[in-house]
Amino acid sequence: MWGIDVAVWFRYGCSSGEHDYPLWYHRKWVGAVAEVLKCLKRFRRLGCRVMSFVALLGSLFSGSVAGSEAIQRLSAEPGSISLNGTNRSQQLLITGFDALDRPIDVTHRATIESADSEIARVEGTVVRGLSDGETQLTVSCDGVTIPIPVSVRSIAGYPPVDFANDVVPLLSKLGCNSGGCHGKSAHASGLKLSVFGFDPTADYDVLVKDGRGRRIFPGSPEFSLFIRKAAGLMPHGGGRRLVPDSPDYDLMLAWIRQGTPPAQPHAPVLVRLSVSPAERVLRQNTTQQILATAHYSDGSQRDVTSAAGYASNAPAVADVDRSGLVRTSTIPGEAAIAVHYMGQVASVQLQLPRTSDYEPFEFPAKNEIDDLVRVKLEKMQLVPSALCDDPTFLRRVWLDTIGTLPTSDEVREFLADPRSDKRSLWIDQALDRAEYADYWALTWADILLVDRQKLGERGAYEFHQWLRQQFATNRGYDQWVSELITATGNSGTNGPVNLFRAAETPEDLAKTMSQAFLGVRMECAQCHHHPFEKWSQDDFYGFAGYFNGLERKPIATNRVFVYHTGLKEARIPLSNRIVPVRPLDGPTVTAVDADPRRELAQWMVSKENPWFARLAANRIWKHYLGRGLVEAEDDLRSTNPATNEELLKLLTTRLVTDNFDMKSLMRFIMNSRTYQLSSETNDSNRDDEQNFSHHYVRRMSAEVLLDAISQVTGEPEPFPGRPRGTRAIELWDNRLPSYFLEIFGRPERTSPCECGRTSEPTMSQALHLMNAPEVESRLASPGGRIAALVKSGATTAVIIDELSLVALGRMPSPSEQELGRELFAQAPPRQAAEDFLWTLLNSYDFLFIR
Amino acid sequence: MQRRYCDGIERRGFLKMGSVAGLSMAQLLRLQQTHGIDATASKNDVSCIFIFIIGGMAHQDMWDVKPEAPAEIRGDFHPIETRVPGIQVSNLLPRIAGVTDKLAILRSMTHGDPDHTAGYHVMMTGQHPGVGGNFNRNVLNNNMHPSFGSMVAKMGSSSGRLPPYISVPNFLNSGGPSFLGPSYAPFVIEADPASPEFSVRDIVLAEGVTNDRSLRRQSALRAINHLERSVEQFSKQERALDTYYEKAYQLMTSNEAKQAFEIERETPATRDAYGMTSLGQCCLLARRLVESGCRFVSIENGHWDTHRKNSESLRDLLVPPLDQGVSALLNDLEERGRLDSTLVVLTTEFGRTPRINDMAGRDHWPQAFSIVMAGGGLKRGLTIGATDKQAASVIDRPITPSDMAATLLKALGIDPDVTLHTPIGRPVQLAGGGRPVHELFA
């Protein structure tokens, strides 16, 4: 449901992880096949994970068994293996190349044998050093064979075990310090570790010193409470995490035998994580092993494939398990696998094109957007839908740009417009409408927390009015954000200062600003190092430091004077450490007496800022196309790449070179063929949700839908205390009582994103649209559209046409006309017209933007 | 470790299934809708009637009377013997005294936040909202953690045609779905069943729409949505709305379902037994709803914030409807053989101060207070935990809101330790790591 499914935690959860048998495995026949394969597989001494059979079996069924594309040559990573006391085993990555020299992962299919199993033993797809010496592995697949030299050195004893480099990663690997277990802020048992091991010093004290020292038993390391619990030899809520006599178990014991040394100050520091492959085109129903390697400051490397965490940003396309094995599904698309290990991150980009024969298609570009989209469609072998028809186009442009349905006259006029460039001209017309400011102020009021409950009437009103003014004048995005970030003054007269009331603490402001304007989600880093990004607490509090010293002096009820008293120290709570105030990834603040927010604003809106324009471009793209190039739209990070990076770069550059003119970018987007594609899909692009091969259908948002019902019925929604005819998209008060807006997903504006606004369906919505007296009375209103139409003496056909034009923005199809005539045959005209419009208002062609 | 749901199918498992069986995505999605979300209810499903006393229920004047305490603490009421020897309640609860064999009094609830909003949130969700610092701060509609009802709607099986989670007579402020999303929000009956004009919004045809006319409309609607495209061509969003239209239509057209809301079908004698009060009639309506397949009914009852004239308010206004309504509910459920499959929870934000203040009121007291749990297969006729001589602090067996959450979920057949993920991916245990009160389970 949420784009970025952080599967990492899931996999590192607390309950003892048994084998996850897929459902079909329990079915008898499949089970039997799997059993046979299992025996065969054992015979071939290949791995033992049941999951790899899914892929094998899946590929059998899809008729593209890997074996049918025989491997011509092989390559192995690493090409030669050195094992030693600190890097005792190595995951292998074996890649075969078919006749077209396309890479195929055969790690779990190849046969791997060691020339001397006394020196190095092959365990599945991992080789483990046992005694010093030189030997060789022989890898073969489809008759192709390659050697891998193996050198094992000083393996007998453990070199000094380093708490930070060796023990803490193991606690992470075993899941001990995960959020669901001992990493939880208030763990039921006494053992409280730092989540994901971000604080080795504290963890050391917990394990070695706290609990009256009973967790470690130096005299007899095997009987340490800590080891016995983890190994499941004593009752342990988390079950058995550590298998006795396994290498991990031995490492823990070695650490205790060495006298539980703390982290060494001069130990090599982890500097980088590398992954292989970095990108790969994969077929459906196949697997890909990922190899993760940690690099240290002394130049040494370690295989951390089994200890790293993995998360896919599109599990429906490609999912990954905790051993770094990716499994692809049948859905074409792209996925990025985020790999993280001890605060370092890397990502693997995967593409799954459709596998059918290539179908050439026409996609004449209307502008540069289309060229980049076409490249992607060709790569993914998706055939785009046709251009949408004129009525669909007009309705889409109107609803997306001004949150308003076109009137029947507008539809007629547009359809009759003979100019060949009429679509462009009408796009300009939409952008010039007054409703533009209402609609975009509404959208941004969601992101910027314009909540009447929090800000009071005056604050919410002023803030909303100010926002509306920015859009009404189409002020540069950088300009108004800059004013907003540095706002000073009376909250009752100067709208933007209310942002500093909506988010009050430096921490809340850091989260709000970074998410709303940079698409960087910092909130994890408030309490611990971000689990799969580079952000640390230093980054968080350094950024929050800009808002230390903000004062809010009460001047009247619900009114404050907001000002900054100058740069203050930033401290991390608990550790009480001072961190330099600085922007994300930026230099330390230099100004000491002026309002430091000015420097922040300069950095924030500068053309060089890697996030600012990119986020705005991605937001606008998502608004018009229904899906961000990065999804979620405000989660920009290296491990969550865009599905079309070149396109996002184009949009970003365009916004910057146009001096942050948002309308100009909207115009550019709407003029593309891509935006104007039909939502009708074909066999090739039906499942596509990433490449914009067709238009993605969305439901109208709460306010837009309510206004649409008012417009269609000709009877405006009454809002308490507002003049008749007030539209929902104009409301500044997000708490104005309205059952309709509530059930259709008006957001509460408590988080700085568009995520609070939802179009999730509920039963209450369906019931309300079908039965609510509020809707029915407007259909039947004596002052409404139907009453006027019927009174005018219009024929059945005219009434049917007019109601369709008003509600659906198009003429009715012949079968819809037929449906209408049937209704008119069964009831008097007024009633029949109401029934017909009722039907239209509940139809998906009305509720959705196509 | 993917969670297996009660139908035995992992959600993710559908993808795997599809890849093997060769189903199209569309077929798969439909299968998911019919099979996944609405798993068929098992025979042993336990439903919940969750009564929330808004304002803070004075534990020492009702459930945990301290006759030995000095007058300014003990208050105006005295303990009375009940049906279960050894269990005493206050003389404000004569009818409850007759049903103590059906319930358990938890006298050692504690959470420590004297703020209404936070107390409300923590007692409705099991988790402290964790934000703000001011007294009575704005903790908006449950943005922090899903309410129990939403958890049940998400995790529990639903049966029949009623929504799985219904609130009456209004939306409970901390009763929302939080990050679970609006599909798990309560269906809110914004009407008081004690009112003669009581009716439920939107489930019956609007005035002027006859059955015939509705049939014409419905058949036109079905036709129009399928005239131009087949279900395969529907977008995911349309398909999702389609299911809810289907559910809504079933509710509208199912007499059985609609009748569940028609409290006037009860005999006057039954209605009188519950008392013609908001709380009494809400209890009766809740019984009808759970009998028709609703899994979780939340009831709110207000005006219990007795900072002034505590004794008077309790005696004259607040407690008698509760005494009558709740005891009638337990008796009725028992007579109908449904007490074991219906968990009744009577809860509140916190208790009230030991010492009576100078306005004859009692203030907020989250350090120690009482709640009641009954039915749902839990042990009956017992008290759990104890407070000191002034009912001021817990001296035996502290029970946290998370423990209450775990108890409630366990009784409803839901694993309290299931981990869900917030939109930013933070793992959250359903019951916040609480342990079920084991004394209540046989």
# chains A, B, ... in the order shown; residues from 1 in each chain; ligands from 1
>>> residues_around(residues="Ala185 (chain B)", least_positions_apart="4", cutoff="8 Å", atoms="only C-alpha atoms", output="VMD selection string")
chain B and resid 150 165 175 to 177 181
>>> residues_around(residues="Arg435 (chain B)", least_positions_apart="4", cutoff="12 Å", atoms="only C-alpha atoms", output="ChimeraX atom specification")
/A:188 /B:126,398-410,415-417,429-431,439-440
>>> write_last_selection(atoms="N, CA and C atoms", output="mmCIF file, in the first residue's frame")
data_model
loop_
_atom_site.group_PDB
_atom_site.id
_atom_site.type_symbol
_atom_site.label_atom_id
_atom_site.label_comp_id
_atom_site.auth_asym_id
_atom_site.auth_seq_id
_atom_site.Cartn_x
_atom_site.Cartn_y
_atom_site.Cartn_z
ATOM 1 N N ALA A 188 10.507 -5.178 26.652
ATOM 2 C CA ALA A 188 9.949 -5.802 27.845
ATOM 3 C C ALA A 188 11.056 -6.400 28.706
ATOM 4 N N GLY B 126 -4.005 1.499 22.784
ATOM 5 C CA GLY B 126 -2.944 0.760 23.462
ATOM 6 C C GLY B 126 -1.605 1.461 23.403
ATOM 7 N N PRO B 398 0.266 -4.344 38.124
ATOM 8 C CA PRO B 398 -0.063 -3.233 37.229
ATOM 9 C C PRO B 398 -0.411 -3.721 35.821
ATOM 10 N N ILE B 399 -1.419 -3.121 35.257
ATOM 11 C CA ILE B 399 -1.831 -3.469 33.885
ATOM 12 C C ILE B 399 -1.758 -2.191 33.053
ATOM 13 N N THR B 400 -1.017 -2.246 31.979
ATOM 14 C CA THR B 400 -0.864 -1.068 31.128
ATOM 15 C C THR B 400 -1.910 -1.091 30.014
ATOM 16 N N PRO B 401 -2.119 0.039 29.362
ATOM 17 C CA PRO B 401 -3.023 0.041 28.202
ATOM 18 C C PRO B 401 -2.577 -0.967 27.134
ATOM 19 N N SER B 402 -1.277 -1.139 26.971
ATOM 20 C CA SER B 402 -0.806 -2.131 25.999
ATOM 21 C C SER B 402 -1.202 -3.540 26.410
ATOM 22 N N ASP B 403 -1.173 -3.782 27.714
ATOM 23 C CA ASP B 403 -1.615 -5.101 28.185
ATOM 24 C C ASP B 403 -3.107 -5.279 27.915
ATOM 25 N N MET B 404 -3.856 -4.206 28.126
ATOM 26 C CA MET B 404 -5.290 -4.266 27.827
ATOM 27 C C MET B 404 -5.494 -4.536 26.337
ATOM 28 N N ALA B 405 -4.679 -3.875 25.509
ATOM 29 C CA ALA B 405 -4.775 -4.082 24.066
ATOM 30 C C ALA B 405 -4.493 -5.538 23.716
ATOM 31 N N ALA B 406 -3.442 -6.075 24.312
ATOM 32 C CA ALA B 406 -3.069 -7.455 24.006
ATOM 33 C C ALA B 406 -4.167 -8.412 24.445
ATOM 34 N N THR B 407 -4.778 -8.115 25.592
ATOM 35 C CA THR B 407 -5.847 -8.964 26.110
ATOM 36 C C THR B 407 -7.043 -8.939 25.162
ATOM 37 N N LEU B 408 -7.407 -7.744 24.769
ATOM 38 C CA LEU B 408 -8.552 -7.581 23.881
ATOM 39 C C LEU B 408 -8.307 -8.322 22.555
ATOM 40 N N LEU B 409 -7.135 -8.097 21.979
ATOM 41 C CA LEU B 409 -6.848 -8.709 20.683
ATOM 42 C C LEU B 409 -6.801 -10.222 20.805
ATOM 43 N N LYS B 410 -6.175 -10.704 21.862
ATOM 44 C CA LYS B 410 -6.070 -12.151 22.025
ATOM 45 C C LYS B 410 -7.462 -12.771 22.146
ATOM 46 N N ASP B 415 -3.404 -12.053 16.881
ATOM 47 C CA ASP B 415 -2.093 -12.102 17.515
ATOM 48 C C ASP B 415 -1.636 -10.683 17.872
ATOM 49 N N PRO B 416 -1.508 -10.397 19.178
ATOM 50 C CA PRO B 416 -1.153 -9.020 19.564
ATOM 51 C C PRO B 416 0.260 -8.621 19.135
ATOM 52 N N ASP B 417 1.078 -9.599 18.801
ATOM 53 C CA ASP B 417 2.470 -9.289 18.474
ATOM 54 C C ASP B 417 2.702 -9.036 16.992
ATOM 55 N N GLN B 429 4.213 -2.876 16.689
ATOM 56 C CA GLN B 429 3.442 -4.044 17.099
ATOM 57 C C GLN B 429 2.021 -3.612 17.404
ATOM 58 N N LEU B 430 1.077 -4.438 16.990
ATOM 59 C CA LEU B 430 -0.335 -4.089 17.178
ATOM 60 C C LEU B 430 -0.604 -3.637 18.599
ATOM 61 N N ALA B 431 -0.207 -4.445 19.562
ATOM 62 C CA ALA B 431 -0.530 -4.122 20.949
ATOM 63 C C ALA B 431 0.611 -3.394 21.630
ATOM 64 N N GLU B 439 -4.408 -13.996 33.635
ATOM 65 C CA GLU B 439 -5.406 -14.472 34.601
ATOM 66 C C GLU B 439 -6.802 -14.570 33.978
ATOM 67 N N LEU B 440 -7.003 -13.880 32.853
ATOM 68 C CA LEU B 440 -8.330 -13.871 32.242
ATOM 69 C C LEU B 440 -8.525 -15.019 31.271
#
>>> atom_distance(atom1="CA of Pro610 (chain A)", atom2="CA of Ser514 (chain A)")
12.4 Å
>>> residues_around(residues="region 217-224 of chain B", least_positions_apart="2", cutoff="8 Å", atoms="only C-alpha atoms", output="count of residues only")
15
>>> residues_around(residues="Trp304 (chain B)", least_positions_apart="5", cutoff="10 Å", atoms="only C-alpha atoms", output="list in words")
Ile53, Ile54, Gly55, Gly56, Met57, Ala58, Asn310, Ser313, Leu314, Leu317, Leu318, Val319 and Thr348 of chain B
>>> write_last_selection(atoms="N, CA and C atoms", output="short mmCIF file (atom, residue, chain, number, x, y, z; two decimals), in the first residue's frame")
data_model
loop_
_atom_site.label_atom_id
_atom_site.label_comp_id
_atom_site.auth_asym_id
_atom_site.auth_seq_id
_atom_site.Cartn_x
_atom_site.Cartn_y
_atom_site.Cartn_z
N ILE B 53 -16.07 5.43 28.32
CA ILE B 53 -16.63 6.45 29.21
C ILE B 53 -15.74 7.68 29.09
N ILE B 54 -16.26 8.70 28.45
CA ILE B 54 -15.45 9.89 28.16
C ILE B 54 -15.42 10.86 29.34
N GLY B 55 -14.23 11.17 29.77
CA GLY B 55 -14.08 12.15 30.84
C GLY B 55 -13.27 11.60 32.00
N GLY B 56 -13.35 10.30 32.20
CA GLY B 56 -12.63 9.68 33.30
C GLY B 56 -13.59 9.15 34.35
N MET B 57 -13.64 7.83 34.49
CA MET B 57 -14.62 7.19 35.36
C MET B 57 -14.02 7.10 36.77
N ALA B 58 -14.76 7.55 37.74
CA ALA B 58 -14.26 7.56 39.12
C ALA B 58 -14.21 6.12 39.64
N ASN B 310 -18.91 15.75 42.01
CA ASN B 310 -18.67 14.39 41.53
C ASN B 310 -19.77 13.43 41.99
N SER B 313 -23.25 14.12 40.48
CA SER B 313 -23.35 13.78 39.06
C SER B 313 -23.40 12.27 38.86
N LEU B 314 -22.52 11.58 39.57
CA LEU B 314 -22.49 10.13 39.39
C LEU B 314 -23.83 9.53 39.81
N LEU B 317 -26.98 11.31 37.57
CA LEU B 317 -27.01 11.37 36.11
C LEU B 317 -26.26 10.22 35.43
N LEU B 318 -25.05 10.00 35.87
CA LEU B 318 -24.15 9.22 35.03
C LEU B 318 -24.23 7.71 35.27
N VAL B 319 -24.17 7.30 36.53
CA VAL B 319 -24.02 5.87 36.78
C VAL B 319 -25.29 5.06 36.54
N THR B 348 -12.20 3.76 29.94
CA THR B 348 -12.20 5.21 30.15
C THR B 348 -10.78 5.73 30.01
#
>>> select_by_dssp(residues="region 118-278 of chain B", states="helix (DSSP H, G or I)", output="PyMOL selection string")
chain B and resi 118-125+148-155+178-180+182-184+211-227+231-233+236-253+255-261+263-265+268-274+278
>>> residues_around(residues="region 340-346 of chain A", least_positions_apart="3", cutoff="6 Å", atoms="only C-alpha atoms", output="list in words")
Leu273, Ala308, Gly309 and Phe532 of chain A
>>> write_last_selection(atoms="C-alpha atoms", output="CSV table (one decimal), in the first residue's frame")
chain,number,residue,atom,x,y,z
A,273,LEU,CA,29.5,-0.6,0.8
A,308,ALA,CA,23.5,-6.8,5.0
A,309,GLY,CA,19.8,-5.8,4.9
A,532,PHE,CA,19.0,2.7,5.1
>>> residues_around(residues="Ile263 (chain B)", least_positions_apart="3", cutoff="8 Å", atoms="only C-alpha atoms", output="PyMOL selection string")
chain B and resi 193+259-260+266+284-285+288
>>> write_last_selection(atoms="N, CA and C atoms", output="compact mmCIF listing (two decimals), in the first residue's frame")
# COMPACT_ATOMS: atom_id res chain seq x y z
N PRO B 193 -29.53 6.07 19.30
CA PRO B 193 -30.62 5.09 19.19
C PRO B 193 -31.71 5.28 20.23
N GLN B 259 -31.99 -4.72 9.08
CA GLN B 259 -32.75 -4.90 10.32
C GLN B 259 -31.87 -4.81 11.55
N ALA B 260 -30.58 -5.13 11.36
CA ALA B 260 -29.68 -5.03 12.50
C ALA B 260 -29.68 -3.62 13.07
N GLU B 266 -36.94 -4.34 18.56
CA GLU B 266 -36.90 -4.94 19.90
C GLU B 266 -38.22 -4.66 20.61
N LEU B 284 -27.86 -1.93 23.43
CA LEU B 284 -28.81 -2.83 22.77
C LEU B 284 -28.54 -2.88 21.26
N LEU B 285 -28.31 -1.72 20.68
CA LEU B 285 -28.02 -1.69 19.25
C LEU B 285 -26.73 -2.47 18.96
N ARG B 288 -27.36 -6.06 18.75
CA ARG B 288 -27.97 -6.43 17.45
C ARG B 288 -26.89 -6.47 16.37
>>> select_by_dssp(residues="region 220-360 of chain A", states="strand (DSSP E)", output="ChimeraX atom specification")
/A:270-276,279-281,287-289,291-296,301-303,309-312,318-320,325-328,333-341,344-352
>>> write_last_selection(atoms="C-alpha atoms", output="PDB file, in the first residue's frame")
ATOM      1  CA  LEU A 270      33.814   1.038   7.427  1.00  0.00           C
ATOM      2  CA  VAL A 271      33.932   3.550   4.607  1.00  0.00           C
ATOM      3  CA  ARG A 272      31.844   2.131   1.820  1.00  0.00           C
ATOM      4  CA  LEU A 273      29.478  -0.609   0.787  1.00  0.00           C
ATOM      5  CA  SER A 274      29.624  -1.933  -2.745  1.00  0.00           C
ATOM      6  CA  VAL A 275      27.159  -4.224  -4.422  1.00  0.00           C
ATOM      7  CA  SER A 276      27.203  -6.380  -7.497  1.00  0.00           C
ATOM      8  CA  GLU A 279      22.197  -2.912 -12.397  1.00  0.00           C
ATOM      9  CA  ARG A 280      20.804  -5.751 -14.422  1.00  0.00           C
ATOM     10  CA  VAL A 281      18.059  -6.475 -16.903  1.00  0.00           C
ATOM     11  CA  THR A 287      16.441 -15.051  -9.515  1.00  0.00           C
ATOM     12  CA  GLN A 288      19.449 -12.855  -9.054  1.00  0.00           C
ATOM     13  CA  GLN A 289      21.958 -13.132  -6.254  1.00  0.00           C
ATOM     14  CA  LEU A 291      26.876  -9.700  -3.579  1.00  0.00           C
ATOM     15  CA  ALA A 292      27.528  -7.082  -0.881  1.00  0.00           C
ATOM     16  CA  THR A 293      31.073  -6.109   0.083  1.00  0.00           C
ATOM     17  CA  ALA A 294      32.169  -3.817   2.895  1.00  0.00           C
ATOM     18  CA  HIS A 295      35.275  -1.700   2.394  1.00  0.00           C
ATOM     19  CA  TYR A 296      37.333  -0.469   5.328  1.00  0.00           C
ATOM     20  CA  GLN A 301      37.248  -5.883   2.333  1.00  0.00           C
ATOM     21  CA  ARG A 302      34.718  -8.267   3.753  1.00  0.00           C
ATOM     22  CA  ASP A 303      31.874 -10.178   2.243  1.00  0.00           C
ATOM     23  CA  GLY A 309      19.795  -5.768   4.911  1.00  0.00           C
ATOM     24  CA  TYR A 310      17.796  -5.631   1.701  1.00  0.00           C
ATOM     25  CA  ALA A 311      14.597  -3.899   0.666  1.00  0.00           C
ATOM     26  CA  SER A 312      12.869  -3.649  -2.672  1.00  0.00           C
ATOM     27  CA  ALA A 318      11.097  -7.963  -7.770  1.00  0.00           C
ATOM     28  CA  ASP A 319      11.374  -8.981  -4.171  1.00  0.00           C
ATOM     29  CA  VAL A 320      14.460  -9.824  -2.193  1.00  0.00           C
ATOM     30  CA  LEU A 325      18.528 -13.322  -3.411  1.00  0.00           C
ATOM     31  CA  VAL A 326      16.179 -11.398  -5.688  1.00  0.00           C
ATOM     32  CA  ARG A 327      13.125 -13.093  -7.172  1.00  0.00           C
ATOM     33  CA  THR A 328      11.311 -11.462 -10.018  1.00  0.00           C
ATOM     34  CA  GLY A 333       8.732  -2.949 -14.512  1.00  0.00           C
ATOM     35  CA  GLU A 334      11.619  -1.704 -12.490  1.00  0.00           C
ATOM     36  CA  ALA A 335      12.753  -2.220  -8.971  1.00  0.00           C
ATOM     37  CA  ALA A 336      15.561  -0.846  -6.897  1.00  0.00           C
ATOM     38  CA  ILE A 337      16.971  -3.011  -4.161  1.00  0.00           C
ATOM     39  CA  ALA A 338      18.317  -0.911  -1.319  1.00  0.00           C
ATOM     40  CA  VAL A 339      21.195  -2.649   0.435  1.00  0.00           C
ATOM     41  CA  HIS A 340      22.343  -1.360   3.787  1.00  0.00           C
ATOM     42  CA  TYR A 341      25.023  -2.399   6.186  1.00  0.00           C
ATOM     43  CA  GLN A 344      26.260   2.494   4.598  1.00  0.00           C
ATOM     44  CA  VAL A 345      23.906   2.104   1.669  1.00  0.00           C
ATOM     45  CA  ALA A 346      24.040   1.023  -1.949  1.00  0.00           C
ATOM     46  CA  SER A 347      21.434   0.056  -4.452  1.00  0.00           C
ATOM     47  CA  VAL A 348      20.889  -2.453  -7.219  1.00  0.00           C
ATOM     48  CA  GLN A 349      18.706  -1.346 -10.094  1.00  0.00           C
ATOM     49  CA  LEU A 350      16.739  -4.005 -11.847  1.00  0.00           C
ATOM     50  CA  GLN A 351      14.670  -3.865 -14.979  1.00  0.00           C
ATOM     51  CA  LEU A 352      12.178  -6.440 -16.110  1.00  0.00           C
TER      52      LEU A 352
END
>>> closest_residue(among="B:Thr82, B:Thr422, B:Thr117, B:Thr383", to="chain A", atoms="only C-alpha atoms")
B:Thr422
>>> closest_residue(among="B:Ser167, B:Ser311, B:Ser195, B:Asn225", to="chain A", atoms="only C-alpha atoms")
B:Asn225
>>> atom_distance(atom1="CA of Trp611 (chain A)", atom2="CA of Lys366 (chain A)")
27.7 Å
>>> closest_residue(among="B:Tyr120, B:Phe261, B:Phe234, B:Phe296", to="Tyr184 (chain B)", atoms="only C-alpha atoms")
B:Phe296
>>> closest_residue(among="B:Ile73, B:Val428, B:Val290, B:Ala269", to="chain A", atoms="only C-alpha atoms")
B:Val428
>>> decode(residues="region 393-406 of chain A", atoms="N, CA and C atoms", output="CSV table (one decimal), in the first residue's frame")
chain,number,residue,atom,x,y,z
A,393,PHE,N,-9.6,14.6,-22.9
A,393,PHE,CA,-8.5,15.6,-22.7
A,393,PHE,C,-9.0,16.8,-21.9
A,394,LEU,N,-10.1,17.4,-22.4
A,394,LEU,CA,-10.5,18.6,-21.8
A,394,LEU,C,-10.9,18.4,-20.3
A,395,ARG,N,-11.6,17.3,-20.0
A,395,ARG,CA,-12.0,17.1,-18.6
A,395,ARG,C,-10.8,16.8,-17.8
A,396,ARG,N,-9.8,16.1,-18.3
A,396,ARG,CA,-8.6,15.9,-17.6
A,396,ARG,C,-7.8,17.2,-17.3
A,397,VAL,N,-7.6,18.0,-18.3
A,397,VAL,CA,-6.9,19.2,-18.1
A,397,VAL,C,-7.6,20.1,-17.1
A,398,TRP,N,-8.9,20.2,-17.2
A,398,TRP,CA,-9.7,21.1,-16.2
A,398,TRP,C,-9.6,20.5,-14.8
A,399,LEU,N,-9.8,19.2,-14.6
A,399,LEU,CA,-9.8,18.7,-13.3
A,399,LEU,C,-8.4,18.7,-12.7
A,400,ASP,N,-7.4,18.5,-13.5
A,400,ASP,CA,-6.0,18.4,-13.0
A,400,ASP,C,-5.5,19.8,-12.7
A,401,THR,N,-5.9,20.8,-13.5
A,401,THR,CA,-5.3,22.1,-13.3
A,401,THR,C,-6.1,23.1,-12.4
A,402,ILE,N,-7.4,23.0,-12.5
A,402,ILE,CA,-8.2,23.9,-11.8
A,402,ILE,C,-9.3,23.2,-10.9
A,403,GLY,N,-9.2,21.9,-10.8
A,403,GLY,CA,-10.0,21.1,-9.9
A,403,GLY,C,-11.5,21.3,-10.2
A,404,THR,N,-11.8,21.6,-11.4
A,404,THR,CA,-13.2,22.0,-11.8
A,404,THR,C,-13.6,21.3,-13.1
A,405,LEU,N,-14.8,20.8,-13.1
A,405,LEU,CA,-15.3,20.2,-14.3
A,405,LEU,C,-15.5,21.2,-15.4
A,406,PRO,N,-15.3,20.9,-16.7
A,406,PRO,CA,-15.7,21.8,-17.7
A,406,PRO,C,-17.2,21.9,-17.8
